[in-house]
Structures are given as C-alpha cells and as structure tokens.
Amino acid sequence: MKTILSIALGVIAAIGGFVDIGDLVFNAQAGASVGTPALWAVPIGVLGIMIFAEMSGRIVAVSKKPNFVLVKERYSQRLATFTLAASLVLTVLTLGAELGGLGFVLNYLFDVSVNFFVLVALVAVAAAIYFLPFGGLERVFGYMGLGLLVYLAASIKLDPDWGEIGRGFVPESHGAAVYWYFIVGLVAAALMPYEIYFYSSGAVEEGWEERDMKVNRANAFIGFGLGGLISVAILIASAQVLKPAGISPDSVGTVALVAEVPYGETGLILAFIGILFAVGGATIDTAFSAAYNLAQHQGWRWGKRFRLVNEPRFTFSLAGFLLLGFAIAQSGVDPVALTEYAVIFSIPVLPLTYLPILLVGGDRGVMGKHVNGPVTRVLGWGYFGLICLLAVAAPVLFIWTNGGS
Amino acid sequence: MRRRALAGVVLAGVLCLCGCGGAIQPDELSRSIQSLESSAAEGALLAHDVARDRTKATFVRAHARELGETVDHEAEKLNDADAEAGVAATKVRAIDLADRISAALGRIQIAPGSETEGRAAEETLSGLSQRAGQLTEGL
C-alpha cells in the first residue's frame with residue numbers, strides 16, 4: 001500500500017510529460033483524424049519511457065547521479081553544452097506553452113482575459129513551488145491531474161466498438177503520411193526529454209536508496225502506465241465524438257467538449273480540473289527540469305529538498321525560467337501549436353538524452369548487481385534504435401504533412 | 001558563391017513552406033473550407049449543449065469567441081488570396097459561408113444561457129457545416 005501511495009513522482013512526470021497542453025490536443029487530433037487505428041503507438045511510447053525511467057531511477061538509487069550529471073560525465077564538454085542548450089530551448093518553449101494553456105483553461109472557467117489568467121497561473125505556480133515541499137507538489141498536481149480519468153469513463157460511456165479498439169492496438173501498414181505523422185508524434189510525446197530529467201532529479205530530491213528499487217519500479221510502471229491510459233482514453237473518446245462530426249481539434253476547449261458530450265456540465269468541470277492540474281504539473285516539470293539541468297551542468301548545489309533561499313543560483317534560475325515562460329505565454333503565441341512543435345523538434349535531441357542512461361545502466365562498474373539485465377538491455381537498445389529512427393522521420397513528416405493537416 | 005547558393009536554397013525552401021506567391025490552389029482552398037466545416041460542426045456541438053442547458057456559460061462564451069476568431073481569420077485569408085477562374089466562385093462562396101458561421105457562433109456567444117438561441121444556432125451551424133462539406137467535394 002505504501003508503495004502504491006508513493007507513485008506520485010511517476011504520475012506527475014507522466015501526466016506532465018505526455019498529457020500536457022499540447023499532447024491533450026495532439027491525442028484528440030489523432031483520434032479525430034486517424035481514429036482508433038493510431039492506438040498502438042501509445043503503448044509503444046509508454047513502454048519506452050517506462051524502461052528508461054526505471055533505468056534512470058535505478059541509476060539514482062545506486063549512484064545518486066541524475067541524468068544531466070551523466071550527460072556531463074559521458075559527453076565531451078562541447079556536446080554536453082549543446083545538449084544543455086537544446087534541452088533548455090525546448091523545455092522553456094514548452095514551459096511558456098503550459099503557462100499559456102493554464103491561462104486558456106482558467107479563462108474557460110471564468111471568462112475574463114487569457115493574459116490576465118496567465119499572470120494568475122504564474123503567481124499560483126510560483127507560490128506552490130515556494131511553499132509546498134517536493135512531495136506535496138508531486139501529490140497535489142499528480143493526483144489531481146488524475147481528474148483526466150473522466151476521459152476513461154467517457155470513452156466507456158460513449159460505447160465504442162470494442163473489437164475495433166482491440167484491432168487498433170495491432171500495428172498496421174499504412175500508406176498515408178498523416179497516419180505516420182500521428183504515430184511518430186504519439187510515440188515521441190511519451191518520450192519527451194524533460195520527463196526523464198524531472199524524474200531522475202526528483203528521485204534525488206526524494207533521496208532514493210538501493211532499498212527503494214520497488215518504489216522506483218512502481219513509479220515507472222504504474223505512474224507512466226496511468227498517463228498512458230489517459231492518453232488512450234482521450235484518443236478513443238475523440239474518435240467517438242469528433243471524428244464522425246468532422247471536427248479537427250485545435251484548442252484545449254475542444255478536448256474539454258469531448259467530456260461534456262457524455263456527462264454534460266459535470267464532465268466539463270471534471271475535465272477542466274484534470275486539465276488544470278495536469279498542465280500545472282507540466283509547468284512544474286518543465287520549470288524544474290530547466291533549472292535542474294542548468295545547475296547540474298554548472299555544478300551548482302540544487303534541489304527543492306534544501307531551502308530555496310539558501311541556493312540563490314538555483315532559485316534565480318528557476319524564477320528566471322518561469323519569467324521567460326511567462327513572457328512567451330504573454331506574446332500571444334498559440335500554446336497548442338507551440339508544444340506540438342516542441343514535441344516534433346525535441347525528437348532529434350532524444351538520442352542525446354537517452355544514450356547516457358543506457359551506457360551507465362549497463363556499466364557493471366557503476367551499477368554492480370543492479371546492472372541492466374538481458375531483457376532491459378535488449379529493450380533499451382531496441383528503443384534507442386527506434387528513437388534514432390524517429391529523430392530522422394519526425395521533422396520530415398512534419399514538413400511533408402504540413403503539421404498533420 | 002557557395003554561401004549565396006545556400007542562401008538561395010534556404011530562401012526557396014522558406015517560400016515553398018510558407019506557400020507564398022501565386023494564386024490560391026484548390027488544395028489550399030479545400031483545407032481552408034475544411035477548417036470552416038470543422039468550426040461550424042464544433043459550434044453545432046456546443047450549441048446542442050446550450051439548447052439542453054448542460055454546459056457552462058463562461059465556457060460557451062469563451063470557446064464560441066475562439067471558434068469565431070478562427071473562422072474570421074480564415075475568411076480574411078480567403079479574402080486576401082488571389083484565385084484563378086476555376087476556384088474563384090468557390091472562394092466567394094466560402095467567404096460567404098464563413099460570414100454566416102461567424103454570425104451563428106456570435107448568437108451563442110452573446111446568449112450562452114438561452115436554450116432558444118442554442119437550438120437556433122445548432123440548426124444553423126449543422127446546416128452550414130454540411131454546406132462546407134459539399135463545397136470541398138466540388139473541388
């Protein structure tokens with residue numbers, strides 16, 4: 001029971017990672033455009049992130065080293081700096097999009113002005129970061145984000161063709177570029193780099209030891225599994241509601257409407273609560289990931305486990321990234337389009353994020369008896385190959401399909 | 001010399017990606033009308049819940065405004081685009097359709113709590129969505 005209750009890190013990393021503002025809409029677009037035949041891509045991506053999250057948590061439990069420390073140790077200084085710069089640009093862009101998304105959601109609930117609510121969201125997130133302990137942040141945003149499970153109930157109530165859904169989990173060959181655009185995007189969304197940076201640094205924050213291997217596995221498999229389940233549910237519900245009506249979702253409002261169709265106002269409110277906390281969780285994931293990476297690259301003392309006032313460089317960088325995100329959100333850029341671009345253009349950076357985890361996880365000198373077993377090794381390198389393939393395919397498909405349209 | 005050639009290639013690529021230059025092509029017009037069809041269909045779904053009092057007024061107002069802005073933006077793009085004789089009439093019909101969709105969305109934006117307005121808007125928007133679908137079929 002204690003293990004089950006301690007999966008908040010995995011839940012917030014997963015929900016913030018692949019059910020964030022852009023991915024909510026991307027999942028709905030996949031359901032509306034391709035329908036249930038795209039379902040198989042979700043478990044492919046989710047299994048990948050489970051494997052790498054479990055590996056990075058295990059590395060922290062044994063060596064106490066989060067992911068960016070591994071990047072710094074395993075790469076040349078130039079390559080480590082390039083990885084840092086690329087990850088910071090993509091993470092801060094995503095952070096801006098998440099803050100913008102929070103503004104939109106609050107405006108749907110109170111209808112004043114999106115820009116005003118972006119400011120409210122910034123203040124609320126900053127206050128939560130400052131006043132709540134790390135475990136409190138995980139639990140509030142991770143568990144409240146599970147309000148998105150309303151889509152699971154909705155997808156059942158909408159009474160889909162279960163045979164068709166079963167067939168959707170079997171990969172099929174397809175000639176349409178748009179189909180492959182959504183497949184690649186769904187796999188990539190689960191593997192966003194900031195999830196793994198947040199997860200491994202969060203494991204350090206929680207002080208994981210070798211005895212916490214069970215907690216790590218529960219976080220990786222149950223936490224990310226729940227995120228995957230929500231992703232699947234949104235896709236199925238959207239395929240039921242939006243596809244037959246010919247609606248192509250472009251905003252988070254359309255995703256909320258999907259929950260309103262079967263459950264009316266109650267479904268709408270539950271969806272908004274889930275979206276608010278999931279996107280809030282993603283804001284926290286991205287803000288911390290950017291600050292963690294910079295601090296780990298520079299060798300600063302970092303972490304919420306210490307008092308923020310005692311770590312001025314880490315604290316200022318965290319505040320600076322939040323303000324940068326706020327500036328991006330206030331520029332009026334479409335948050336959904338921004339995160340979708342961030343997902344597609346983060347794919348070329350993915351191999352640089354995941355390679356050090358594989359190298360250290362397979363290094364018996366570091367890991368001792370906790371070194372990767374044969375199954376993890378095969379799956380890990382298999383996924384690394386897939387990530388390299390995606391790194392080439394994603395930008396090509398993005399341009400070819402005009403962003404899936 | 002190589003730099004100039006590279007700059008030329010990049011510029012050509014950017015222009016291709018932006019779709020700059022020349023009259024609107026049937027596939028671009030089709031995408032534009034599909035966007036109108038989607039907004040009208042979504043508006044009808046929203047109006048359906050307004051008519052049955054099973055939604056939240058602030059959401060209806062904000063989302064109808066958002067959909068209306070998308071439709072208006074599409075109409076502006078269509079208005080600014082040159083069209084060759086083969087698609088010129090369809091372009092004009094699409095702009096007219098956009099006007100009507102925007103007006104119907106405006107009704108639920110103004111009166112998100114009115115079941116009567118909801119019913120009227122649902123009927124109008126469903127019809128306009130179907131007409132947009134028929135318009136793309138002709139392209």
# chains A, B, ... in the order shown; residues from 1 in each chain; ligands from 1

call {"tool": "residues_around", "arguments": {"residues": "Arg74 (chain A)", "least_positions_apart": "4", "cutoff": "9 Å", "atoms": "only C-alpha atoms", "output": "list in words"}}
result
Val69, Leu70, Ala80, Pro356, Leu359 and Val360 of chain A

call {"tool": "closest_atom_pairs", "arguments": {"of": "chain A", "to": "chain B", "cutoff": "7 Å", "atoms": "only C-alpha atoms", "output": "JSON lines"}}
result
{"residue": "A:Tyr108", "atom": "CA", "partner": "B:Phe59", "partner_atom": "CA", "distance": 4.5}
{"residue": "A:Leu109", "atom": "CA", "partner": "B:Thr58", "partner_atom": "CA", "distance": 5.9}
{"residue": "A:Phe110", "atom": "CA", "partner": "B:Thr58", "partner_atom": "CA", "distance": 5.9}
{"residue": "A:Asp111", "atom": "CA", "partner": "B:Thr58", "partner_atom": "CA", "distance": 5.4}
{"residue": "A:Ala245", "atom": "CA", "partner": "B:Ala41", "partner_atom": "CA", "distance": 6.3}
{"residue": "A:Gly246", "atom": "CA", "partner": "B:Ser38", "partner_atom": "CA", "distance": 5.8}
{"residue": "A:Ile247", "atom": "CA", "partner": "B:Ser38", "partner_atom": "CA", "distance": 4.4}
{"residue": "A:Ser248", "atom": "CA", "partner": "B:Ser38", "partner_atom": "CA", "distance": 5.8}
{"residue": "A:Gly253", "atom": "CA", "partner": "B:His63", "partner_atom": "CA", "distance": 6.3}
{"residue": "A:Gly264", "atom": "CA", "partner": "B:Arg54", "partner_atom": "CA", "distance": 4.8}
{"residue": "A:Glu265", "atom": "CA", "partner": "B:Thr55", "partner_atom": "CA", "distance": 4.5}

call {"tool": "atom_distance", "arguments": {"atom1": "CA of Ala14 (chain A)", "atom2": "CA of Ile399 (chain A)"}}
result
27.8 Å

call {"tool": "residues_around", "arguments": {"residues": "Ala121 (chain B)", "least_positions_apart": "5", "cutoff": "7 Å", "atoms": "only C-alpha atoms", "output": "count of residues only"}}
result
5

call {"tool": "closest_residue", "arguments": {"among": "A:Gly382, A:Gly185, A:Gly267, A:Gly136", "to": "Ala394 (chain A)", "atoms": "only C-alpha atoms"}}
result
A:Gly185

call {"tool": "atom_distance", "arguments": {"atom1": "CA of Gly103 (chain A)", "atom2": "CA of Val118 (chain A)"}}
result
4.2 Å

call {"tool": "atom_distance", "arguments": {"atom1": "CA of Ala327 (chain A)", "atom2": "CA of Val125 (chain A)"}}
result
15.0 Å

call {"tool": "select_by_dssp", "arguments": {"residues": "region 21-126 of chain B", "states": "helix (DSSP H, G or I)", "output": "JSON list (two decimals) with N, CA and C atoms, in the first residue's frame"}}
result
[["chain", "number", "residue", "atom", "x", "y", "z"],
["B", 26, "PRO", "N", -6.36, 24.75, -55.38],
["B", 26, "PRO", "CA", -7.55, 24.04, -54.90],
["B", 26, "PRO", "C", -7.33, 23.32, -53.56],
["B", 27, "ASP", "N", -6.12, 22.73, -53.36],
["B", 27, "ASP", "CA", -5.91, 22.02, -52.09],
["B", 27, "ASP", "C", -5.85, 22.98, -50.91],
["B", 28, "GLU", "N", -5.29, 24.18, -51.12],
["B", 28, "GLU", "CA", -5.25, 25.18, -50.04],
["B", 28, "GLU", "C", -6.66, 25.66, -49.72],
["B", 29, "LEU", "N", -7.43, 25.88, -50.78],
["B", 29, "LEU", "CA", -8.82, 26.32, -50.60],
["B", 29, "LEU", "C", -9.63, 25.24, -49.88],
["B", 30, "SER", "N", -9.35, 24.00, -50.26],
["B", 30, "SER", "CA", -10.03, 22.87, -49.64],
["B", 30, "SER", "C", -9.72, 22.80, -48.13],
["B", 31, "ARG", "N", -8.43, 23.00, -47.79],
["B", 31, "ARG", "CA", -8.04, 22.99, -46.36],
["B", 31, "ARG", "C", -8.74, 24.09, -45.60],
["B", 32, "SER", "N", -8.83, 25.25, -46.25],
["B", 32, "SER", "CA", -9.46, 26.40, -45.62],
["B", 32, "SER", "C", -10.95, 26.13, -45.36],
["B", 33, "ILE", "N", -11.61, 25.53, -46.36],
["B", 33, "ILE", "CA", -13.05, 25.25, -46.19],
["B", 33, "ILE", "C", -13.25, 24.14, -45.16],
["B", 34, "GLN", "N", -12.31, 23.18, -45.13],
["B", 34, "GLN", "CA", -12.41, 22.12, -44.10],
["B", 34, "GLN", "C", -12.33, 22.72, -42.70],
["B", 35, "SER", "N", -11.50, 23.75, -42.56],
["B", 35, "SER", "CA", -11.39, 24.42, -41.26],
["B", 35, "SER", "C", -12.72, 25.08, -40.89],
["B", 36, "LEU", "N", -13.38, 25.67, -41.90],
["B", 36, "LEU", "CA", -14.71, 26.27, -41.65],
["B", 36, "LEU", "C", -15.72, 25.19, -41.28],
["B", 37, "GLU", "N", -15.65, 24.06, -41.99],
["B", 37, "GLU", "CA", -16.57, 22.95, -41.72],
["B", 37, "GLU", "C", -16.39, 22.44, -40.29],
["B", 38, "SER", "N", -15.13, 22.32, -39.89],
["B", 38, "SER", "CA", -14.82, 21.84, -38.54],
["B", 38, "SER", "C", -15.33, 22.82, -37.48],
["B", 39, "SER", "N", -15.10, 24.12, -37.70],
["B", 39, "SER", "CA", -15.55, 25.12, -36.71],
["B", 39, "SER", "C", -17.07, 25.14, -36.61],
["B", 40, "ALA", "N", -17.75, 25.02, -37.76],
["B", 40, "ALA", "CA", -19.22, 25.02, -37.74],
["B", 40, "ALA", "C", -19.74, 23.77, -37.02],
["B", 41, "ALA", "N", -19.12, 22.61, -37.29],
["B", 41, "ALA", "CA", -19.56, 21.37, -36.63],
["B", 41, "ALA", "C", -19.33, 21.45, -35.13],
["B", 42, "GLU", "N", -18.20, 22.03, -34.74],
["B", 42, "GLU", "CA", -17.93, 22.15, -33.30],
["B", 42, "GLU", "C", -18.89, 23.14, -32.65],
["B", 43, "GLY", "N", -19.17, 24.22, -33.38],
["B", 43, "GLY", "CA", -20.14, 25.19, -32.88],
["B", 43, "GLY", "C", -21.50, 24.55, -32.68],
["B", 44, "ALA", "N", -21.88, 23.66, -33.61],
["B", 44, "ALA", "CA", -23.18, 22.97, -33.50],
["B", 44, "ALA", "C", -23.22, 22.09, -32.26],
["B", 45, "LEU", "N", -22.08, 21.42, -31.99],
["B", 45, "LEU", "CA", -21.99, 20.55, -30.80],
["B", 45, "LEU", "C", -22.13, 21.39, -29.51],
["B", 46, "LEU", "N", -21.47, 22.54, -29.53],
["B", 46, "LEU", "CA", -21.53, 23.45, -28.38],
["B", 46, "LEU", "C", -22.97, 23.97, -28.21],
["B", 47, "ALA", "N", -23.58, 24.37, -29.33],
["B", 47, "ALA", "CA", -24.95, 24.90, -29.29],
["B", 47, "ALA", "C", -25.94, 23.83, -28.83],
["B", 48, "HIS", "N", -25.67, 22.57, -29.20],
["B", 48, "HIS", "CA", -26.52, 21.45, -28.79],
["B", 48, "HIS", "C", -26.63, 21.41, -27.26],
["B", 49, "ASP", "N", -25.47, 21.57, -26.58],
["B", 49, "ASP", "CA", -25.48, 21.55, -25.12],
["B", 49, "ASP", "C", -26.08, 22.82, -24.52],
["B", 50, "VAL", "N", -25.94, 23.96, -25.24],
["B", 50, "VAL", "CA", -26.60, 25.20, -24.78],
["B", 50, "VAL", "C", -28.11, 24.97, -24.82],
["B", 51, "ALA", "N", -28.60, 24.37, -25.90],
["B", 51, "ALA", "CA", -30.04, 24.14, -26.07],
["B", 51, "ALA", "C", -30.61, 23.23, -25.00],
["B", 57, "ALA", "N", -21.82, 28.55, -18.95],
["B", 57, "ALA", "CA", -21.92, 29.76, -19.78],
["B", 57, "ALA", "C", -20.55, 30.36, -20.11],
["B", 58, "THR", "N", -19.64, 30.42, -19.12],
["B", 58, "THR", "CA", -18.33, 31.04, -19.38],
["B", 58, "THR", "C", -17.58, 30.26, -20.47],
["B", 59, "PHE", "N", -17.70, 28.94, -20.42],
["B", 59, "PHE", "CA", -17.03, 28.10, -21.41],
["B", 59, "PHE", "C", -17.61, 28.36, -22.80],
["B", 60, "VAL", "N", -18.93, 28.40, -22.87],
["B", 60, "VAL", "CA", -19.59, 28.62, -24.17],
["B", 60, "VAL", "C", -19.14, 29.96, -24.75],
["B", 61, "ARG", "N", -19.16, 30.97, -23.91],
["B", 61, "ARG", "CA", -18.80, 32.31, -24.38],
["B", 61, "ARG", "C", -17.35, 32.35, -24.88],
["B", 62, "ALA", "N", -16.43, 31.84, -24.05],
["B", 62, "ALA", "CA", -15.01, 31.91, -24.42],
["B", 62, "ALA", "C", -14.71, 31.02, -25.64],
["B", 63, "HIS", "N", -15.32, 29.84, -25.68],
["B", 63, "HIS", "CA", -15.00, 28.91, -26.77],
["B", 63, "HIS", "C", -15.67, 29.34, -28.08],
["B", 64, "ALA", "N", -16.88, 29.86, -27.99],
["B", 64, "ALA", "CA", -17.55, 30.36, -29.21],
["B", 64, "ALA", "C", -16.76, 31.54, -29.78],
["B", 65, "ARG", "N", -16.23, 32.38, -28.89],
["B", 65, "ARG", "CA", -15.41, 33.52, -29.35],
["B", 65, "ARG", "C", -14.16, 33.01, -30.08],
["B", 66, "GLU", "N", -13.56, 31.99, -29.47],
["B", 66, "GLU", "CA", -12.34, 31.40, -30.06],
["B", 66, "GLU", "C", -12.63, 30.82, -31.46],
["B", 67, "LEU", "N", -13.73, 30.07, -31.55],
["B", 67, "LEU", "CA", -14.11, 29.48, -32.84],
["B", 67, "LEU", "C", -14.43, 30.58, -33.86],
["B", 68, "GLY", "N", -15.10, 31.63, -33.40],
["B", 68, "GLY", "CA", -15.43, 32.75, -34.27],
["B", 68, "GLY", "C", -14.18, 33.43, -34.80],
["B", 69, "GLU", "N", -13.17, 33.57, -33.93],
["B", 69, "GLU", "CA", -11.91, 34.20, -34.37],
["B", 69, "GLU", "C", -11.23, 33.34, -35.43],
["B", 70, "THR", "N", -11.27, 32.01, -35.24],
["B", 70, "THR", "CA", -10.67, 31.11, -36.24],
["B", 70, "THR", "C", -11.37, 31.29, -37.59],
["B", 71, "VAL", "N", -12.70, 31.36, -37.55],
["B", 71, "VAL", "CA", -13.48, 31.49, -38.78],
["B", 71, "VAL", "C", -13.20, 32.85, -39.45],
["B", 72, "ASP", "N", -13.16, 33.90, -38.64],
["B", 72, "ASP", "CA", -12.89, 35.24, -39.20],
["B", 72, "ASP", "C", -11.50, 35.29, -39.83],
["B", 73, "HIS", "N", -10.54, 34.66, -39.15],
["B", 73, "HIS", "CA", -9.17, 34.65, -39.67],
["B", 73, "HIS", "C", -9.12, 33.92, -41.02],
["B", 74, "GLU", "N", -9.86, 32.82, -41.09],
["B", 74, "GLU", "CA", -9.91, 32.04, -42.34],
["B", 74, "GLU", "C", -10.55, 32.88, -43.44],
["B", 75, "ALA", "N", -11.60, 33.62, -43.09],
["B", 75, "ALA", "CA", -12.27, 34.47, -44.08],
["B", 75, "ALA", "C", -11.33, 35.58, -44.57],
["B", 76, "GLU", "N", -10.55, 36.14, -43.65],
["B", 76, "GLU", "CA", -9.59, 37.19, -44.05],
["B", 76, "GLU", "C", -8.55, 36.62, -45.02],
["B", 77, "LYS", "N", -8.06, 35.42, -44.69],
["B", 77, "LYS", "CA", -7.05, 34.78, -45.56],
["B", 77, "LYS", "C", -7.63, 34.55, -46.95],
["B", 78, "LEU", "N", -8.88, 34.07, -46.98],
["B", 78, "LEU", "CA", -9.52, 33.80, -48.28],
["B", 78, "LEU", "C", -9.73, 35.09, -49.05],
["B", 79, "ASN", "N", -10.15, 36.11, -48.33],
["B", 79, "ASN", "CA", -10.41, 37.40, -48.98],
["B", 79, "ASN", "C", -9.13, 37.97, -49.61],
["B", 80, "ASP", "N", -7.99, 37.78, -48.92],
["B", 80, "ASP", "CA", -6.73, 38.36, -49.39],
["B", 80, "ASP", "C", -6.09, 37.55, -50.52],
["B", 85, "ALA", "N", -9.75, 31.50, -62.22],
["B", 85, "ALA", "CA", -11.16, 31.37, -62.61],
["B", 85, "ALA", "C", -11.82, 30.08, -62.11],
["B", 86, "GLY", "N", -11.06, 28.98, -62.12],
["B", 86, "GLY", "CA", -11.63, 27.68, -61.73],
["B", 86, "GLY", "C", -12.11, 27.61, -60.30],
["B", 87, "VAL", "N", -11.48, 28.37, -59.41],
["B", 87, "VAL", "CA", -11.84, 28.26, -57.99],
["B", 87, "VAL", "C", -12.40, 29.57, -57.42],
["B", 88, "ALA", "N", -12.45, 30.61, -58.26],
["B", 88, "ALA", "CA", -12.87, 31.94, -57.77],
["B", 88, "ALA", "C", -14.27, 31.92, -57.17],
["B", 89, "ALA", "N", -15.20, 31.20, -57.84],
["B", 89, "ALA", "CA", -16.58, 31.17, -57.34],
["B", 89, "ALA", "C", -16.66, 30.44, -56.00],
["B", 90, "THR", "N", -15.90, 29.35, -55.89],
["B", 90, "THR", "CA", -15.89, 28.59, -54.63],
["B", 90, "THR", "C", -15.33, 29.45, -53.50],
["B", 91, "LYS", "N", -14.31, 30.23, -53.83],
["B", 91, "LYS", "CA", -13.70, 31.11, -52.82],
["B", 91, "LYS", "C", -14.74, 32.10, -52.30],
["B", 92, "VAL", "N", -15.50, 32.69, -53.21],
["B", 92, "VAL", "CA", -16.52, 33.67, -52.79],
["B", 92, "VAL", "C", -17.58, 32.99, -51.92],
["B", 93, "ARG", "N", -17.98, 31.78, -52.32],
["B", 93, "ARG", "CA", -18.99, 31.05, -51.52],
["B", 93, "ARG", "C", -18.43, 30.71, -50.13],
["B", 94, "ALA", "N", -17.14, 30.40, -50.09],
["B", 94, "ALA", "CA", -16.52, 30.06, -48.79],
["B", 94, "ALA", "C", -16.50, 31.28, -47.87],
["B", 95, "ILE", "N", -16.22, 32.45, -48.44],
["B", 95, "ILE", "CA", -16.20, 33.67, -47.62],
["B", 95, "ILE", "C", -17.61, 33.95, -47.07],
["B", 96, "ASP", "N", -18.60, 33.74, -47.92],
["B", 96, "ASP", "CA", -19.99, 33.95, -47.50],
["B", 96, "ASP", "C", -20.36, 32.98, -46.37],
["B", 97, "LEU", "N", -19.91, 31.73, -46.55],
["B", 97, "LEU", "CA", -20.16, 30.70, -45.53],
["B", 97, "LEU", "C", -19.51, 31.09, -44.20],
["B", 98, "ALA", "N", -18.28, 31.59, -44.30],
["B", 98, "ALA", "CA", -17.55, 32.00, -43.09],
["B", 98, "ALA", "C", -18.31, 33.10, -42.36],
["B", 99, "ASP", "N", -18.85, 34.03, -43.11],
["B", 99, "ASP", "CA", -19.64, 35.13, -42.52],
["B", 99, "ASP", "C", -20.81, 34.58, -41.71],
["B", 100, "ARG", "N", -21.51, 33.63, -42.32],
["B", 100, "ARG", "CA", -22.70, 33.08, -41.66],
["B", 100, "ARG", "C", -22.33, 32.23, -40.43],
["B", 101, "ILE", "N", -21.24, 31.47, -40.54],
["B", 101, "ILE", "CA", -20.80, 30.66, -39.38],
["B", 101, "ILE", "C", -20.44, 31.58, -38.23],
["B", 102, "SER", "N", -19.70, 32.64, -38.56],
["B", 102, "SER", "CA", -19.28, 33.59, -37.53],
["B", 102, "SER", "C", -20.51, 34.22, -36.84],
["B", 103, "ALA", "N", -21.52, 34.56, -37.64],
["B", 103, "ALA", "CA", -22.72, 35.18, -37.07],
["B", 103, "ALA", "C", -23.46, 34.20, -36.15],
["B", 104, "ALA", "N", -23.55, 32.93, -36.58],
["B", 104, "ALA", "CA", -24.25, 31.93, -35.76],
["B", 104, "ALA", "C", -23.50, 31.67, -34.45],
["B", 105, "LEU", "N", -22.18, 31.66, -34.54],
["B", 105, "LEU", "CA", -21.39, 31.48, -33.31],
["B", 105, "LEU", "C", -21.59, 32.67, -32.38],
["B", 106, "GLY", "N", -21.72, 33.85, -32.98],
["B", 106, "GLY", "CA", -21.95, 35.06, -32.19],
["B", 106, "GLY", "C", -23.23, 34.98, -31.37],
["B", 107, "ARG", "N", -24.22, 34.27, -31.89],
["B", 107, "ARG", "CA", -25.50, 34.17, -31.16],
["B", 107, "ARG", "C", -25.33, 33.43, -29.82],
["B", 108, "ILE", "N", -24.57, 32.32, -29.83],
["B", 108, "ILE", "CA", -24.40, 31.61, -28.54],
["B", 108, "ILE", "C", -23.36, 32.29, -27.66],
["B", 109, "GLN", "N", -22.48, 33.06, -28.31],
["B", 109, "GLN", "CA", -21.50, 33.82, -27.50],
["B", 109, "GLN", "C", -22.23, 34.92, -26.72],
["B", 110, "ILE", "N", -23.17, 35.56, -27.37],
["B", 110, "ILE", "CA", -23.92, 36.64, -26.72],
["B", 110, "ILE", "C", -24.90, 36.09, -25.68],
["B", 115, "GLU", "N", -31.68, 28.77, -24.16],
["B", 115, "GLU", "CA", -31.92, 27.49, -24.83],
["B", 115, "GLU", "C", -32.48, 27.70, -26.24],
["B", 116, "THR", "N", -33.28, 28.78, -26.39],
["B", 116, "THR", "CA", -33.86, 29.07, -27.72],
["B", 116, "THR", "C", -32.76, 29.42, -28.71],
["B", 117, "GLU", "N", -31.86, 30.31, -28.30],
["B", 117, "GLU", "CA", -30.74, 30.69, -29.17],
["B", 117, "GLU", "C", -29.87, 29.47, -29.47],
["B", 118, "GLY", "N", -29.70, 28.62, -28.47],
["B", 118, "GLY", "CA", -28.90, 27.40, -28.64],
["B", 118, "GLY", "C", -29.48, 26.51, -29.73],
["B", 119, "ARG", "N", -30.81, 26.33, -29.67],
["B", 119, "ARG", "CA", -31.48, 25.48, -30.67],
["B", 119, "ARG", "C", -31.32, 26.06, -32.08],
["B", 120, "ALA", "N", -31.54, 27.37, -32.17],
["B", 120, "ALA", "CA", -31.44, 28.03, -33.48],
["B", 120, "ALA", "C", -30.02, 27.94, -34.03],
["B", 121, "ALA", "N", -29.04, 28.20, -33.16],
["B", 121, "ALA", "CA", -27.64, 28.16, -33.60],
["B", 121, "ALA", "C", -27.23, 26.75, -34.00],
["B", 122, "GLU", "N", -27.72, 25.76, -33.25],
["B", 122, "GLU", "CA", -27.37, 24.37, -33.57],
["B", 122, "GLU", "C", -27.84, 24.00, -34.98],
["B", 123, "GLU", "N", -29.09, 24.39, -35.26],
["B", 123, "GLU", "CA", -29.66, 24.07, -36.57],
["B", 123, "GLU", "C", -28.88, 24.78, -37.70],
["B", 124, "THR", "N", -28.63, 26.07, -37.46],
["B", 124, "THR", "CA", -27.91, 26.85, -38.49],
["B", 124, "THR", "C", -26.51, 26.29, -38.72],
["B", 125, "LEU", "N", -25.79, 26.05, -37.62],
["B", 125, "LEU", "CA", -24.39, 25.62, -37.75],
["B", 125, "LEU", "C", -24.28, 24.21, -38.36],
["B", 126, "SER", "N", -25.24, 23.34, -38.02],
["B", 126, "SER", "CA", -25.22, 21.99, -38.64],
["B", 126, "SER", "C", -25.38, 22.11, -40.15]]

call {"tool": "residues_around", "arguments": {"residues": "region 282-287 of chain A", "least_positions_apart": "3", "cutoff": "6 Å", "atoms": "only C-alpha atoms", "output": "PyMOL selection string"}}
result
chain A and resi 16+20+91+95+98+198+279+290

call {"tool": "write_last_selection", "arguments": {"atoms": "C-alpha atoms", "output": "PDB file, in the first residue's frame"}}
result
ATOM      1  CA  GLY A  16       3.076  16.467 -17.042  1.00  0.00           C
ATOM      2  CA  ASP A  20       0.265  18.238 -21.159  1.00  0.00           C
ATOM      3  CA  THR A  91      11.923  22.998 -22.225  1.00  0.00           C
ATOM      4  CA  LEU A  95       7.027  25.930 -20.200  1.00  0.00           C
ATOM      5  CA  GLU A  98       1.980  25.305 -20.449  1.00  0.00           C
ATOM      6  CA  PHE A 198      12.496  15.662 -13.929  1.00  0.00           C
ATOM      7  CA  VAL A 279      -0.977  21.276 -17.197  1.00  0.00           C
ATOM      8  CA  ALA A 290      15.313  23.565 -16.922  1.00  0.00           C
TER       9      ALA A 290
END

call {"tool": "closest_residue", "arguments": {"among": "A:Gln77, A:Asn310, A:Thr94, A:Asn115", "to": "Ala342 (chain A)", "atoms": "only C-alpha atoms"}}
result
A:Thr94
